[in-house]
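**Q** The following file, query-v4.cif, comprises mmCIF, C-alpha atoms:
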```
data_structure
#
loop_
_atom_site.label_atom_id
_atom_site.label_comp_id
_atom_site.auth_asym_id
_atom_site.auth_seq_id
_atom_site.Cartn_x
_atom_site.Cartn_y
_atom_site.Cartn_z
CA MET A 1 -40.89 33.22 50.15
CA MET A 2 -37.40 34.46 50.94
CA PHE A 3 -37.89 33.73 54.62
CA PHE A 4 -39.17 30.21 53.88
CA GLY A 5 -35.96 29.63 51.92
CA TRP A 6 -33.97 31.03 54.83
CA ILE A 7 -35.74 28.67 57.24
CA ASN A 8 -34.91 25.75 54.91
CA ILE A 9 -31.24 26.73 54.94
CA ILE A 10 -31.30 26.98 58.73
CA SER A 11 -32.90 23.56 59.10
CA ALA A 12 -30.41 21.97 56.73
CA THR A 13 -27.19 23.58 57.95
CA SER A 14 -27.34 24.61 61.60
CA ASN A 15 -28.34 23.54 65.07
CA VAL A 16 -31.26 24.96 67.01
CA GLU A 17 -29.25 27.82 68.58
CA LEU A 18 -30.36 31.30 67.51
CA ALA A 19 -26.80 32.67 67.57
CA GLU A 20 -25.85 30.23 64.83
CA TRP A 21 -28.68 31.46 62.59
CA LEU A 22 -27.36 35.01 62.63
CA ASP A 23 -23.67 34.17 62.20
CA TRP A 24 -22.68 36.16 59.07
CA SER A 25 -19.97 33.66 58.16
CA GLY A 26 -22.43 30.76 57.98
CA LYS A 27 -24.82 29.93 55.16
CA SER A 28 -27.94 31.11 56.98
CA GLY A 29 -26.30 34.40 57.97
CA LYS A 30 -25.18 35.07 54.39
CA GLN A 31 -28.66 34.27 53.13
CA LEU A 32 -30.18 36.68 55.67
CA MET A 33 -27.73 39.38 54.55
CA TRP A 34 -28.83 38.91 50.91
CA ILE A 35 -32.48 39.01 51.97
CA PHE A 36 -31.92 42.44 53.54
CA ILE A 37 -29.89 43.73 50.57
CA CYS A 38 -32.41 42.51 48.00
CA SER A 39 -35.36 43.84 50.02
CA GLY A 40 -33.73 47.27 50.05
CA LEU A 41 -33.05 47.12 46.32
CA ALA A 42 -36.61 45.97 45.65
CA TYR A 43 -37.93 48.93 47.65
CA LEU A 44 -35.78 51.33 45.61
CA ILE A 45 -36.75 49.79 42.28
CA LEU A 46 -40.45 49.85 43.12
CA ASN A 47 -40.21 53.55 43.95
CA ILE A 48 -38.57 54.49 40.66
CA GLU A 49 -40.95 55.97 38.12
CA SER A 50 -41.98 53.15 35.77
CA ASP A 51 -41.42 55.23 32.63
CA PHE A 52 -37.74 55.51 33.58
CA PHE A 53 -37.15 51.91 32.55
CA ILE A 54 -38.85 52.40 29.17
CA ARG A 55 -37.05 55.72 28.53
CA THR A 56 -33.68 54.12 29.21
CA SER A 57 -34.37 50.81 27.44
CA VAL A 58 -32.18 51.66 24.44
CA LEU A 59 -29.23 52.51 26.70
CA GLN A 60 -29.79 49.36 28.76
CA TYR A 61 -29.93 47.23 25.61
CA VAL A 62 -26.72 48.72 24.18
CA LEU A 63 -24.87 48.29 27.48
CA THR A 64 -26.04 44.68 27.66
CA LEU A 65 -24.79 44.00 24.12
CA ILE A 66 -21.41 45.50 25.07
CA LEU A 67 -21.26 43.23 28.13
CA LEU A 68 -22.17 40.19 26.00
CA VAL A 69 -19.34 40.96 23.58
CA ALA A 70 -16.91 41.65 26.43
CA VAL A 71 -17.69 38.35 28.15
CA LEU A 72 -16.71 36.52 24.95
CA ILE A 73 -13.31 38.21 25.08
CA ILE A 74 -12.43 38.49 28.77
CA GLY A 75 -15.01 36.29 30.45
CA LYS A 76 -14.23 33.43 32.79
CA LYS A 77 -14.80 29.94 31.44
CA ILE A 78 -16.99 27.88 33.77
CA GLY A 79 -18.39 24.50 32.78
CA GLY A 80 -17.25 24.85 29.17
CA ALA A 81 -19.01 28.19 28.64
CA ARG A 82 -17.31 31.58 28.65
CA SER A 83 -20.29 33.43 30.04
CA TRP A 84 -19.17 34.83 33.39
CA PHE A 85 -17.25 37.84 34.66
CA ALA A 86 -15.18 37.03 37.74
CA LEU A 87 -15.15 39.88 40.25
CA GLY A 88 -13.14 38.46 43.13
CA SER A 89 -15.26 35.82 44.83
CA PHE A 90 -18.34 37.13 43.01
CA SER A 91 -19.36 36.13 39.46
CA LEU A 92 -21.67 37.99 37.10
CA GLN A 93 -23.45 36.55 34.06
CA PRO A 94 -24.41 39.28 31.54
CA SER A 95 -26.88 37.03 29.75
CA GLU A 96 -29.18 37.38 32.76
CA PHE A 97 -29.37 41.13 32.08
CA ALA A 98 -30.06 40.48 28.40
CA LYS A 99 -33.46 38.89 29.05
CA PRO A 100 -35.21 41.86 30.70
CA THR A 101 -33.43 44.48 28.60
CA THR A 102 -34.45 42.73 25.38
CA ALA A 103 -38.05 42.52 26.62
CA LEU A 104 -37.99 46.24 27.50
CA ILE A 105 -36.60 47.45 24.19
CA LEU A 106 -38.93 45.17 22.24
CA ALA A 107 -41.90 46.55 24.20
CA TRP A 108 -40.68 50.11 23.62
CA TYR A 109 -40.13 49.53 19.89
CA LEU A 110 -43.43 47.78 19.25
CA SER A 111 -45.45 50.28 21.29
CA ARG A 112 -44.13 53.30 19.39
CA ASP A 113 -46.30 52.77 16.33
CA SER A 114 -48.47 49.69 16.57
CA THR A 115 -50.34 50.41 13.34
CA LYS A 116 -47.28 49.49 11.25
CA TRP A 117 -46.86 46.07 12.87
CA ARG A 118 -47.61 44.24 9.64
CA SER A 119 -44.79 45.99 7.77
CA LEU A 120 -41.79 43.86 6.88
CA LYS A 121 -39.34 46.46 8.21
CA VAL A 122 -40.85 46.38 11.72
CA ARG A 123 -40.86 42.59 11.80
CA ILE A 124 -37.26 42.29 10.62
CA LEU A 125 -36.05 44.87 13.14
CA SER A 126 -38.00 43.08 15.89
CA PHE A 127 -36.32 39.79 14.99
CA LEU A 128 -32.93 41.56 15.03
CA ILE A 129 -33.64 43.00 18.48
CA ILE A 130 -34.25 39.46 19.73
CA GLY A 131 -31.66 37.72 17.57
CA LEU A 132 -28.61 39.85 18.32
CA PRO A 133 -28.33 39.06 22.05
CA ALA A 134 -29.46 35.48 21.40
CA LEU A 135 -26.60 35.03 18.89
CA LEU A 136 -24.04 36.52 21.28
CA ILE A 137 -25.25 34.20 24.04
CA LEU A 138 -25.15 31.20 21.69
CA LEU A 139 -21.48 31.99 20.97
CA GLN A 140 -20.62 31.54 24.68
CA PRO A 141 -22.25 28.75 24.30
CA ASP A 142 -25.30 28.90 26.55
CA ALA A 143 -28.12 27.25 24.63
CA GLY A 144 -30.35 27.09 27.71
CA THR A 145 -30.56 30.87 27.90
CA VAL A 146 -31.13 31.12 24.15
CA ILE A 147 -34.29 29.04 24.62
CA VAL A 148 -35.66 31.91 26.72
CA PHE A 149 -35.12 34.21 23.75
CA ALA A 150 -37.05 31.79 21.56
CA GLY A 151 -39.97 32.53 23.87
CA PHE A 152 -40.00 36.12 22.62
CA ILE A 153 -41.39 34.74 19.38
CA PHE A 154 -44.70 34.43 21.24
CA VAL A 155 -44.80 38.23 21.12
CA PHE A 156 -45.17 37.98 17.38
CA LEU A 157 -47.82 35.30 17.61
CA SER A 158 -49.84 37.33 20.09
CA ARG A 159 -49.71 40.41 17.85
CA GLY A 160 -51.75 38.67 15.19
CA ALA A 161 -48.93 37.86 12.80
#
```
Would you kindly transcribe this structure into structure tokens?

**A**
Amino acid sequence: MMFFGWINIISATSNVELAEWLDWSGKSGKQLMWIFICSGLAYLILNIESDFFIRTSVLQYVLTLILLVAVLIIGKKIGGARSWFALGSFSLQPSEFAKPTTALILAWYLSRDSTKWRSLKVRILSFLIIGLPALLILLQPDAGTVIVFAGFIFVFLSRGA
């Protein structure tokens, strides 16, 4: 799929010459560079033991919450929302990290003792796990990303609430 996207960029931005496709300063060259970087990262991630991500889910979640608070204070305002960190010519949006880290910690928490799912304490804590990053993202404001967090409610519906 990445290469089909690269071919689309080539067809839309350059001539037929091969040298132009590989020019790192052009759009197709930059896209090819990111394809190689992301392919390498994907290879590394796929070779990491899967339990590593579950074991570190609490740390990942806490770091994500810290980033979400920090972006409210020192983040760059783009399009009316203060939801980006500017790192030179590169921008980073911490709310994108919040989605998978919230899913990981929720999976870790609910898998620890599934027999107590019906207890009020477990349900309230589960809603807090989802609600805390969603609230911080809503303060940016980025309601579109908060809608993704509303989808986590389906976890509760699938658990036989």

**Q** Can you tell me how far CA of Val146 (chain A) sits from CA of Ser119 (chain A), in Å to one decimal?

**A**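 Going from CA of Val146 (chain A) over to CA of Ser119 (chain A) covers 26.0 Å.
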
**Q** Could you list, as a ChimeraX atom specification, every residue matched by the PyMOL selection byres ((chain A and resi 60-75) around 8) in this structure?

**A** /A:56-59,76-77,82-86,94-95,97-98,101-102,105,133,136-137,139-140

**Q** Which residue gives the smallest distance to Met33 (chain A) among A:Phe149, A:Arg123, A:Asp51, A:Met2, with only C-alpha atoms counted?

**A**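 Ranked by minimum distance to Met33 (chain A), first place goes to A:Met2.
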
**Q** Expanded to explicit residues, what is the PyMOL selection byres ((chain A and resi 125-129) around 9) for this file, as a PyMOL selection string?

**A** chain A and resi 102+105-106+109-110+120-124+130-133+153+156

**Q** Within 10 Å of Phe3 (chain A), counting only C-alpha atoms, which residues qualify if same-chain residues fewer than 2 places away don't, as a compact mmCIF listing (two decimals) with C-alpha atoms, in the frame of the given file?

**A**
```txt
# COMPACT_ATOMS: atom_id res chain seq x y z
CA MET A 1 -40.89 33.22 50.15
CA GLY A 5 -35.96 29.63 51.92
CA TRP A 6 -33.97 31.03 54.83
CA ILE A 7 -35.74 28.67 57.24
CA ASN A 8 -34.91 25.75 54.91
CA ILE A 9 -31.24 26.73 54.94
CA GLN A 31 -28.66 34.27 53.13
CA LEU A 32 -30.18 36.68 55.67
CA ILE A 35 -32.48 39.01 51.97
```

**Q** One decimal, Å: what's the distance from CA of Gly88 (chain A) over to CA of Gly26 (chain A), could you say?

**A**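 Pair CA of Gly88 (chain A) / CA of Gly26 (chain A) returns 19.1 Å.
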
**Q** Of the residues A:Ile37, A:Leu87, A:Ala12, A:Leu104, which is the one nearest to Arg55 (chain A), using all atoms listed in the file?

**A** A:Leu104

**Q** Output region 46-66 of chain A as a short mmCIF file (atom, residue, chain, number, x, y, z; two decimals), in the frame of the given file, making sure N, CA and C atoms are there.

**A**
```cif
data_model
loop_
_atom_site.label_atom_id
_atom_site.label_comp_id
_atom_site.auth_asym_id
_atom_site.auth_seq_id
_atom_site.Cartn_x
_atom_site.Cartn_y
_atom_site.Cartn_z
N LEU A 46 -39.01 49.63 43.15
CA LEU A 46 -40.45 49.85 43.12
C LEU A 46 -40.82 51.32 43.26
N ASN A 47 -39.93 52.13 43.80
CA ASN A 47 -40.21 53.55 43.95
C ASN A 47 -39.67 54.40 42.81
N ILE A 48 -39.02 53.77 41.85
CA ILE A 48 -38.57 54.49 40.66
C ILE A 48 -39.75 54.61 39.71
N GLU A 49 -39.88 55.75 39.08
CA GLU A 49 -40.95 55.97 38.12
C GLU A 49 -40.87 54.90 37.02
N SER A 50 -41.99 54.28 36.71
CA SER A 50 -41.98 53.15 35.77
C SER A 50 -41.55 53.56 34.37
N ASP A 51 -41.83 54.78 33.96
CA ASP A 51 -41.42 55.23 32.63
C ASP A 51 -39.90 55.33 32.50
N PHE A 52 -39.20 55.43 33.61
CA PHE A 52 -37.74 55.51 33.58
C PHE A 52 -37.15 54.30 32.86
N PHE A 53 -37.69 53.12 33.14
CA PHE A 53 -37.15 51.91 32.55
C PHE A 53 -37.41 51.86 31.04
N ILE A 54 -38.56 52.36 30.60
CA ILE A 54 -38.85 52.40 29.17
C ILE A 54 -37.99 53.47 28.49
N ARG A 55 -37.85 54.64 29.13
CA ARG A 55 -37.05 55.72 28.53
C ARG A 55 -35.59 55.33 28.38
N THR A 56 -35.09 54.51 29.27
CA THR A 56 -33.68 54.12 29.21
C THR A 56 -33.47 52.74 28.59
N SER A 57 -34.49 52.18 27.97
CA SER A 57 -34.37 50.81 27.44
C SER A 57 -33.32 50.70 26.34
N VAL A 58 -33.18 51.72 25.50
CA VAL A 58 -32.18 51.66 24.44
C VAL A 58 -30.78 51.63 25.04
N LEU A 59 -30.53 52.49 26.03
CA LEU A 59 -29.23 52.51 26.70
C LEU A 59 -28.96 51.18 27.40
N GLN A 60 -29.94 50.65 28.08
CA GLN A 60 -29.79 49.36 28.76
C GLN A 60 -29.46 48.25 27.77
N TYR A 61 -30.14 48.26 26.64
CA TYR A 61 -29.93 47.23 25.61
C TYR A 61 -28.52 47.32 25.04
N VAL A 62 -28.07 48.53 24.73
CA VAL A 62 -26.72 48.72 24.18
C VAL A 62 -25.66 48.30 25.19
N LEU A 63 -25.83 48.69 26.45
CA LEU A 63 -24.87 48.29 27.48
C LEU A 63 -24.84 46.76 27.65
N THR A 64 -25.99 46.14 27.55
CA THR A 64 -26.04 44.68 27.66
C THR A 64 -25.32 44.03 26.49
N LEU A 65 -25.50 44.55 25.29
CA LEU A 65 -24.79 44.00 24.12
C LEU A 65 -23.28 44.16 24.29
N ILE A 66 -22.85 45.29 24.83
CA ILE A 66 -21.41 45.50 25.07
C ILE A 66 -20.90 44.47 26.08
#
```
